file run_36.tsv (TSV, C-alpha atoms)
chain	number	residue	atom	x	y	z
A	577	MET	CA	-18.30	-6.04	19.03
A	578	PHE	CA	-16.50	-9.33	18.51
A	579	ASP	CA	-18.55	-10.52	15.52
A	580	LEU	CA	-15.85	-10.75	12.88
A	581	ILE	CA	-18.24	-11.95	10.15
A	582	THR	CA	-20.73	-9.21	9.37
A	583	SER	CA	-22.40	-10.88	6.40
A	584	LYS	CA	-23.44	-14.45	5.80
A	585	ASP	CA	-23.50	-13.98	2.01
A	586	SER	CA	-20.15	-14.89	0.50
A	587	ASN	CA	-18.60	-16.21	-2.67
A	588	VAL	CA	-15.49	-18.24	-2.02
A	589	LYS	CA	-14.25	-18.02	-5.61
A	590	ASN	CA	-14.58	-14.24	-5.76
A	591	ASP	CA	-13.03	-13.81	-2.33
A	592	VAL	CA	-10.01	-15.97	-3.21
A	593	LEU	CA	-9.46	-14.34	-6.61
A	594	SER	CA	-9.81	-10.85	-5.15
A	595	GLY	CA	-7.37	-11.67	-2.37
A	596	ILE	CA	-4.78	-13.00	-4.81
A	597	THR	CA	-5.18	-9.92	-7.01
A	598	VAL	CA	-4.70	-7.50	-4.13
A	599	ALA	CA	-1.74	-9.47	-2.76
A	600	LEU	CA	0.08	-9.38	-6.09
A	601	ALA	CA	-0.71	-5.72	-6.70
A	602	LEU	CA	0.45	-4.66	-3.23
A	603	VAL	CA	3.98	-6.05	-3.60
A	604	PRO	CA	5.50	-3.40	-5.92
A	605	GLU	CA	3.49	-0.66	-4.23
A	606	ALA	CA	4.62	-1.63	-0.73
A	607	VAL	CA	8.25	-1.92	-1.85
A	608	ALA	CA	8.17	1.46	-3.60
A	609	PHE	CA	6.62	3.25	-0.63
A	610	ALA	CA	9.09	1.55	1.73
A	611	PHE	CA	11.93	3.27	-0.11
A	612	VAL	CA	10.00	6.55	0.02
A	613	ALA	CA	9.75	6.19	3.80
A	614	GLY	CA	13.41	5.25	4.11
A	615	VAL	CA	12.91	1.72	5.46
A	616	GLU	CA	13.79	-1.74	4.17
A	617	PRO	CA	11.51	-3.34	1.54
A	618	MET	CA	10.57	-6.21	3.85
A	619	ILE	CA	9.22	-3.72	6.40
A	620	GLY	CA	6.88	-2.39	3.73
A	621	LEU	CA	5.73	-5.91	2.88
A	622	TYR	CA	5.21	-6.78	6.56
A	623	ALA	CA	3.17	-3.61	7.03
A	624	ALA	CA	0.98	-4.35	4.00
A	625	PHE	CA	0.45	-7.94	5.22
A	626	MET	CA	-0.56	-6.94	8.75
A	627	MET	CA	-2.83	-4.09	7.64
A	628	GLY	CA	-4.58	-6.25	5.07
A	629	LEU	CA	-5.08	-9.04	7.61
A	630	ILE	CA	-6.44	-6.76	10.33
A	631	THR	CA	-8.71	-4.81	7.97
A	632	SER	CA	-10.21	-7.96	6.50
A	633	ALA	CA	-10.97	-9.32	9.98
A	634	ILE	CA	-12.33	-6.27	11.80
A	635	GLY	CA	-12.66	-3.54	9.16
A	636	GLY	CA	-15.66	-1.28	8.72
A	637	ARG	CA	-17.05	-2.88	5.56
A	638	PRO	CA	-16.45	-5.65	3.00
A	639	GLY	CA	-14.56	-4.73	-0.15
A	640	MET	CA	-11.95	-2.48	1.48
A	641	ILE	CA	-8.25	-3.29	1.65
A	642	SER	CA	-5.65	-1.32	3.57
A	643	GLY	CA	-2.02	-1.16	2.52
A	644	ALA	CA	0.94	1.11	1.99
A	645	THR	CA	0.14	4.64	0.84
A	646	GLY	CA	2.29	7.48	-0.43
A	647	ALA	CA	0.75	10.01	1.93
A	648	MET	CA	1.70	7.94	4.98
A	649	ALA	CA	5.18	7.17	3.64
A	650	VAL	CA	6.00	10.85	3.13
A	651	VAL	CA	5.07	11.63	6.74
A	652	MET	CA	7.46	8.97	8.02
A	653	VAL	CA	10.57	10.19	6.20
A	654	ALA	CA	11.71	12.85	8.68
A	655	LEU	CA	11.27	10.64	11.75
A	656	VAL	CA	13.18	7.72	10.22
A	657	ALA	CA	15.98	9.98	9.01
A	658	GLN	CA	16.44	11.71	12.36
A	659	HIS	CA	15.78	8.96	14.90
A	660	GLY	CA	15.74	5.59	13.11
A	661	VAL	CA	13.19	2.96	12.26
A	662	GLN	CA	12.56	1.89	15.87
A	663	TYR	CA	11.05	5.28	16.62
A	664	LEU	CA	8.84	4.80	13.56
A	665	PHE	CA	7.53	1.54	15.02
A	666	ALA	CA	6.70	3.32	18.27
A	667	ALA	CA	5.01	6.17	16.37
A	668	VAL	CA	2.86	3.71	14.42
A	669	ILE	CA	1.72	2.01	17.64
A	670	LEU	CA	0.76	5.37	19.14
A	671	ALA	CA	-1.05	6.34	15.93
A	672	GLY	CA	-3.02	3.11	16.12
A	673	LEU	CA	-4.04	3.84	19.70
A	674	LEU	CA	-5.18	7.32	18.67
A	675	GLN	CA	-7.27	5.83	15.85
A	676	ILE	CA	-8.87	3.40	18.28
A	677	MET	CA	-9.79	6.35	20.50
A	678	CYS	CA	-11.38	8.07	17.50
A	679	GLY	CA	-13.49	4.98	16.94
A	680	ILE	CA	-14.48	4.73	20.61
A	681	PHE	CA	-15.62	8.35	20.64
A	682	LYS	CA	-17.47	7.80	17.33
A	683	LEU	CA	-15.65	10.49	15.39
A	684	GLY	CA	-15.93	8.55	12.12
A	685	LYS	CA	-19.40	9.96	11.46
A	686	PHE	CA	-17.92	13.39	10.73
A	687	ILE	CA	-16.54	12.11	7.43
A	688	ARG	CA	-20.07	12.49	6.05
A	689	LEU	CA	-19.53	16.26	6.10
A	690	VAL	CA	-16.89	15.99	3.34
A	691	PRO	CA	-18.31	17.09	-0.07
A	692	TYR	CA	-18.48	14.55	-2.89
A	693	PRO	CA	-16.05	16.49	-5.17
A	694	VAL	CA	-13.45	16.23	-2.41
A	695	MET	CA	-13.85	12.45	-2.41
A	696	LEU	CA	-13.33	12.34	-6.17
A	697	GLY	CA	-10.26	14.54	-5.89
A	698	PHE	CA	-8.95	12.34	-3.11
A	699	VAL	CA	-9.25	9.15	-5.18
A	700	ASN	CA	-7.69	10.76	-8.25
A	701	GLY	CA	-4.89	12.11	-6.07
A	702	LEU	CA	-4.18	8.60	-4.80
A	703	ALA	CA	-4.03	7.35	-8.38
A	704	ILE	CA	-1.45	10.02	-9.21
A	705	VAL	CA	0.66	9.18	-6.14
A	706	ILE	CA	0.62	5.46	-7.00
A	707	PHE	CA	1.53	6.24	-10.62
A	708	LEU	CA	4.46	8.45	-9.62
A	709	ALA	CA	5.74	5.81	-7.18
A	710	GLN	CA	5.97	3.29	-10.03
A	711	LEU	CA	8.02	5.54	-12.31
A	712	GLY	CA	11.12	4.30	-10.51
A	713	GLN	CA	10.63	1.02	-12.34
A	714	PHE	CA	11.68	2.84	-15.52
A	715	LYS	CA	15.10	3.79	-14.16
A	716	VAL	CA	18.26	1.66	-14.32
A	717	THR	CA	21.74	1.98	-12.86
A	718	ASN	CA	24.40	3.18	-15.29
A	719	ALA	CA	28.13	2.44	-15.27
A	720	ALA	CA	28.74	5.27	-12.78
A	721	GLY	CA	26.24	3.74	-10.34
A	722	GLU	CA	23.67	6.47	-10.92
A	723	LEU	CA	20.02	6.01	-11.80
A	724	GLN	CA	18.96	7.09	-15.27
A	725	TRP	CA	15.89	6.62	-17.44
A	726	MET	CA	15.70	3.50	-19.58
A	727	GLU	CA	16.63	3.69	-23.23
A	728	GLY	CA	16.39	1.52	-26.33
A	729	THR	CA	14.96	-1.97	-26.42
A	730	LEU	CA	14.44	-2.30	-22.67
A	731	LEU	CA	12.28	0.83	-22.61
A	732	TYR	CA	10.21	-0.33	-25.58
A	733	TRP	CA	9.56	-3.72	-23.99
A	734	MET	CA	8.54	-2.08	-20.72
A	735	LEU	CA	6.15	0.32	-22.44
A	736	GLY	CA	4.70	-2.52	-24.50
A	737	LEU	CA	4.09	-4.70	-21.45
A	738	VAL	CA	2.51	-1.78	-19.58
A	739	ALA	CA	0.22	-1.10	-22.55
A	740	LEU	CA	-0.73	-4.78	-22.78
A	741	THR	CA	-1.53	-4.90	-19.06
A	742	MET	CA	-3.71	-1.80	-19.28
A	743	ALA	CA	-5.49	-3.15	-22.37
A	744	ILE	CA	-6.36	-6.43	-20.62
A	745	ILE	CA	-7.66	-4.58	-17.56
A	746	TYR	CA	-9.81	-2.29	-19.74
A	747	LEU	CA	-11.11	-4.78	-22.33
A	748	LEU	CA	-11.56	-8.05	-20.42
A	749	PRO	CA	-14.55	-6.84	-18.31
A	750	LYS	CA	-16.39	-6.16	-21.57
A	751	LEU	CA	-16.10	-9.89	-22.38
A	752	THR	CA	-16.42	-11.54	-18.98
A	753	LYS	CA	-16.40	-10.68	-15.29
A	754	ALA	CA	-15.88	-14.25	-14.10
A	755	VAL	CA	-12.32	-13.44	-13.02
A	756	PRO	CA	-10.73	-10.12	-12.02
A	757	ALA	CA	-9.22	-8.40	-15.04
A	758	SER	CA	-6.25	-7.21	-12.96
A	759	LEU	CA	-5.39	-10.79	-11.98
A	760	VAL	CA	-5.61	-11.98	-15.58
A	761	ALA	CA	-3.35	-9.11	-16.66
A	762	ILE	CA	-0.74	-9.88	-14.00
A	763	VAL	CA	-0.68	-13.63	-14.72
A	764	THR	CA	-0.74	-13.23	-18.52
A	765	VAL	CA	2.08	-10.69	-18.72
A	766	THR	CA	4.18	-12.58	-16.14
A	767	LEU	CA	3.87	-15.84	-18.08
A	768	LEU	CA	4.60	-14.00	-21.32
A	769	VAL	CA	7.79	-12.46	-19.94
A	770	HIS	CA	9.13	-15.69	-18.45
A	771	GLY	CA	7.87	-17.94	-21.24
A	772	LEU	CA	9.46	-15.87	-24.02
A	773	ASP	CA	12.41	-14.76	-21.88
A	774	LEU	CA	11.67	-11.12	-22.61
A	775	GLU	CA	13.96	-8.35	-21.42
A	776	ALA	CA	11.95	-6.83	-18.59
A	777	ARG	CA	12.71	-5.62	-15.09
A	778	THR	CA	11.24	-7.23	-12.00
A	779	VAL	CA	10.53	-5.90	-8.52
A	780	ILE	CA	13.82	-7.31	-7.19
A	781	ASP	CA	15.70	-5.45	-9.94
A	782	PHE	CA	14.08	-2.24	-8.72
A	783	VAL	CA	15.13	-3.04	-5.15
A	784	ARG	CA	18.74	-3.74	-6.14
A	785	ASP	CA	19.07	-0.47	-8.04
A	786	LEU	CA	18.12	1.50	-4.93
A	787	LEU	CA	20.50	-0.31	-2.58
A	788	PRO	CA	24.22	0.47	-2.06
A	789	ALA	CA	26.54	-1.37	-4.43
A	790	ASP	CA	27.83	-3.74	-1.73
A	791	GLN	CA	24.28	-4.93	-0.91
A	792	ARG	CA	22.88	-5.48	-4.41
A	793	ASP	CA	24.13	-9.02	-4.94
A	794	THR	CA	22.54	-10.26	-1.71
A	795	ALA	CA	19.27	-8.31	-2.05
A	796	THR	CA	16.17	-10.46	-1.73
A	797	LEU	CA	12.49	-10.22	-0.93
A	798	ALA	CA	12.49	-13.66	0.64
A	799	GLY	CA	11.52	-13.65	4.28
A	800	GLU	CA	9.35	-15.20	6.94
A	801	LEU	CA	6.21	-14.23	8.79
A	802	PRO	CA	6.68	-11.16	11.02
A	803	SER	CA	7.23	-11.82	14.71
A	804	PHE	CA	6.04	-9.84	17.70
A	805	ALA	CA	8.53	-7.27	18.99
A	806	ILE	CA	8.50	-4.21	21.22
A	807	PRO	CA	10.11	-1.08	19.71
A	808	MET	CA	13.60	-0.65	21.10
A	809	VAL	CA	13.24	2.95	22.26
A	810	PRO	CA	13.52	4.55	25.69
A	811	PHE	CA	10.11	4.64	27.38
A	812	THR	CA	10.45	8.26	28.47
A	813	TRP	CA	8.53	11.51	28.13
A	814	GLU	CA	11.16	12.73	25.67
A	815	THR	CA	10.51	9.75	23.39
A	816	PHE	CA	6.78	10.38	23.62
A	817	MET	CA	7.20	14.00	22.56
A	818	ILE	CA	9.43	12.94	19.65
A	819	ILE	CA	6.92	10.51	18.20
A	820	LEU	CA	3.72	12.38	19.10
A	821	PRO	CA	3.66	14.85	16.16
A	822	THR	CA	4.29	12.08	13.64
A	823	SER	CA	1.74	9.81	15.31
A	824	VAL	CA	-0.97	12.48	15.22
A	825	ILE	CA	-0.35	13.15	11.53
A	826	LEU	CA	-0.28	9.42	10.72
A	827	CYS	CA	-3.52	8.96	12.66
A	828	LEU	CA	-5.32	11.76	10.83
A	829	VAL	CA	-4.00	10.92	7.37
A	830	GLY	CA	-4.79	7.24	7.80
A	831	LEU	CA	-8.31	7.92	9.06
A	832	ILE	CA	-9.05	10.45	6.34
A	833	GLU	CA	-7.84	8.09	3.60
A	834	SER	CA	-9.75	5.09	4.98
A	835	LEU	CA	-12.98	6.96	5.71
A	836	LEU	CA	-12.98	8.80	2.38
A	837	THR	CA	-12.48	5.47	0.60
A	838	LEU	CA	-15.29	3.97	2.69
A	839	SER	CA	-17.58	6.87	1.76
A	840	LEU	CA	-16.74	6.47	-1.92
A	841	ILE	CA	-17.57	2.75	-1.80
A	842	ASP	CA	-20.83	3.65	-0.07
A	843	GLU	CA	-21.66	5.92	-3.00
A	844	MET	CA	-20.70	3.31	-5.60
A	845	THR	CA	-22.59	0.42	-3.98
A	846	ASP	CA	-25.49	2.38	-2.46
A	847	THR	CA	-24.74	0.79	0.94
A	848	ARG	CA	-23.54	2.14	4.27
A	849	GLY	CA	-20.26	1.13	5.86
A	850	ARG	CA	-19.37	1.42	9.54
A	851	GLY	CA	-17.05	4.38	9.85
A	852	ASN	CA	-16.49	4.12	13.59
A	853	LYS	CA	-15.54	0.45	13.29
A	854	GLU	CA	-13.15	1.35	10.47
A	855	CYS	CA	-11.44	3.78	12.87
call {"tool": "encode", "arguments": {"input": "run_36.tsv", "output": "structure tokens"}}
result
Amino acid sequence: MFDLITSKDSNVKNDVLSGITVALALVPEAVAFAFVAGVEPMIGLYAAFMMGLITSAIGGRPGMISGATGAMAVVMVALVAQHGVQYLFAAVILAGLLQIMCGIFKLGKFIRLVPYPVMLGFVNGLAIVIFLAQLGQFKVTNAAGELQWMEGTLLYWMLGLVALTMAIIYLLPKLTKAVPASLVAIVTVTLLVHGLDLEARTVIDFVRDLLPADQRDTATLAGELPSFAIPMVPFTWETFMIILPTSVILCLVGLIESLLTLSLIDEMTDTRGRGNKEC
């Protein structure tokens, strides 16, 4: 139960490169979904950090990373809007306890009943959600303080850099698989933008456009490691009933996403993950 290392076979280079790739890719995704959920960008980054750390240590199989998802963010919106972010923290803790109970009662095995076409639809649906979340990067603030779609040179540079990134990710594996193509794409395009001083938006520009005008100049993604804190909510039956519906939905959506992804990896690698441990 407490054996955190389930396999003695490892490749330090691949592990490090994969970790760097996922860390870089999660930043814009976590920030975008934080705004969807109605919370501060740093909360999204903290959540992605903690979930990735916990999953890597005690997850159900190697090769899986947990992070921010659009489906979870959408569920959180109503609770944050009505009761505030502290109630969201309490709801997440309760959802985690419910997921642990699902693992204890070995409910993860029921994911095997899901048909394969559903798994494919699930993965493609995630791709669409991630794509739509990134479209905000193509909007800028106009003189009236409203968001509008990019135009002119800035738009052309953005589309060109996106096309270059996709081309590297698609073509590089045909030449070599020594390094992750996604990492090469991120590093290459980043160096190209800063080296040639190209006109391109960054993640912090996206954050500033979504903040009120009086907060844009001081907006930053700089922070420190998250610290332990207890949600500042009344520990009453009323609070429990407020967060319970959201917690149940978060629990089910999170388990379904994780277990479907685990099943898909099982199919791709012809191996068997540990669904109950993933719960």
call {"tool": "atom_distance", "arguments": {"input": "run_36.tsv", "atom1": "CA of Ile704 (chain A)", "atom2": "CA of Ala647 (chain A)"}}
result
11.4 Å
call {"tool": "atom_distance", "arguments": {"input": "run_36.tsv", "atom1": "CA of Phe811 (chain A)", "atom2": "CA of Ala666 (chain A)"}}
result
9.8 Å
call {"tool": "closest_residue", "arguments": {"input": "run_36.tsv", "among": "A:Leu602, A:Gly830, A:Arg850, A:Trp733", "to": "Ile634 (chain A)", "atoms": "only C-alpha atoms"}}
result
A:Arg850
call {"tool": "closest_residue", "arguments": {"input": "run_36.tsv", "among": "A:Trp813, A:Phe698, A:Phe681, A:Tyr622", "to": "Glu833 (chain A)", "atoms": "all atoms listed in the file"}}
result
A:Phe698
call {"tool": "closest_residue", "arguments": {"input": "run_36.tsv", "among": "A:Thr847, A:Thr729, A:Ser834, A:Ser823", "to": "Leu673 (chain A)", "atoms": "only C-alpha atoms"}}
result
A:Ser823
call {"tool": "closest_residue", "arguments": {"input": "run_36.tsv", "among": "A:Gly660, A:Gly701, A:Gly672, A:Gly635", "to": "Glu616 (chain A)", "atoms": "all atoms listed in the file"}}
result
A:Gly660
call {"tool": "atom_distance", "arguments": {"input": "run_36.tsv", "atom1": "CA of Leu835 (chain A)", "atom2": "CA of Ala703 (chain A)"}}
result
16.7 Å
call {"tool": "residues_around", "arguments": {"input": "run_36.tsv", "residues": "Val661 (chain A)", "least_positions_apart": "4", "cutoff": "12 Å", "atoms": "all atoms listed in the file", "output": "ChimeraX atom specification"}}
result
/A:610,613-616,619-620,652-657,665-668,807-809,819
call {"tool": "closest_residue", "arguments": {"input": "run_36.tsv", "among": "A:Phe609, A:His770, A:Ser758, A:Asp846", "to": "Leu711 (chain A)", "atoms": "all atoms listed in the file"}}
result
A:Phe609
call {"tool": "residues_around", "arguments": {"input": "run_36.tsv", "residues": "region 603-607 of chain A", "least_positions_apart": "3", "cutoff": "8 Å", "atoms": "all atoms listed in the file", "output": "CSV table (one decimal) with C-alpha atoms, in the frame of the given file"}}
result
chain,number,residue,atom,x,y,z
A,599,ALA,CA,-1.7,-9.5,-2.8
A,600,LEU,CA,0.1,-9.4,-6.1
A,610,ALA,CA,9.1,1.6,1.7
A,611,PHE,CA,11.9,3.3,-0.1
A,617,PRO,CA,11.5,-3.3,1.5
A,618,MET,CA,10.6,-6.2,3.8
A,620,GLY,CA,6.9,-2.4,3.7
A,621,LEU,CA,5.7,-5.9,2.9
A,624,ALA,CA,1.0,-4.4,4.0
A,643,GLY,CA,-2.0,-1.2,2.5
A,644,ALA,CA,0.9,1.1,2.0
A,645,THR,CA,0.1,4.6,0.8
A,706,ILE,CA,0.6,5.5,-7.0
A,709,ALA,CA,5.7,5.8,-7.2
A,710,GLN,CA,6.0,3.3,-10.0
A,779,VAL,CA,10.5,-5.9,-8.5
A,783,VAL,CA,15.1,-3.0,-5.2
call {"tool": "residues_around", "arguments": {"input": "run_36.tsv", "residues": "region 740-754 of chain A", "least_positions_apart": "5", "cutoff": "12 Å", "atoms": "only C-alpha atoms", "output": "mmCIF file with C-alpha atoms, in the coordinates of the input"}}
result
data_model
loop_
_atom_site.group_PDB
_atom_site.id
_atom_site.type_symbol
_atom_site.label_atom_id
_atom_site.label_comp_id
_atom_site.auth_asym_id
_atom_site.auth_seq_id
_atom_site.Cartn_x
_atom_site.Cartn_y
_atom_site.Cartn_z
ATOM 1 C CA ASN A 587 -18.600 -16.210 -2.670
ATOM 2 C CA LYS A 589 -14.250 -18.020 -5.610
ATOM 3 C CA ASN A 590 -14.580 -14.240 -5.760
ATOM 4 C CA LEU A 593 -9.460 -14.340 -6.610
ATOM 5 C CA SER A 594 -9.810 -10.850 -5.150
ATOM 6 C CA TRP A 733 9.560 -3.720 -23.990
ATOM 7 C CA MET A 734 8.540 -2.080 -20.720
ATOM 8 C CA LEU A 735 6.150 0.320 -22.440
ATOM 9 C CA LEU A 759 -5.390 -10.790 -11.980
ATOM 10 C CA VAL A 760 -5.610 -11.980 -15.580
ATOM 11 C CA ALA A 761 -3.350 -9.110 -16.660
ATOM 12 C CA ILE A 762 -0.740 -9.880 -14.000
ATOM 13 C CA VAL A 763 -0.680 -13.630 -14.720
ATOM 14 C CA THR A 764 -0.740 -13.230 -18.520
ATOM 15 C CA VAL A 765 2.080 -10.690 -18.720
ATOM 16 C CA THR A 766 4.180 -12.580 -16.140
ATOM 17 C CA LEU A 768 4.600 -14.000 -21.320
ATOM 18 C CA VAL A 769 7.790 -12.460 -19.940
#
call {"tool": "closest_residue", "arguments": {"input": "run_36.tsv", "among": "A:Ile780, A:Asp773, A:Trp725, A:Val612", "to": "Val705 (chain A)", "atoms": "all atoms listed in the file"}}
result
A:Val612
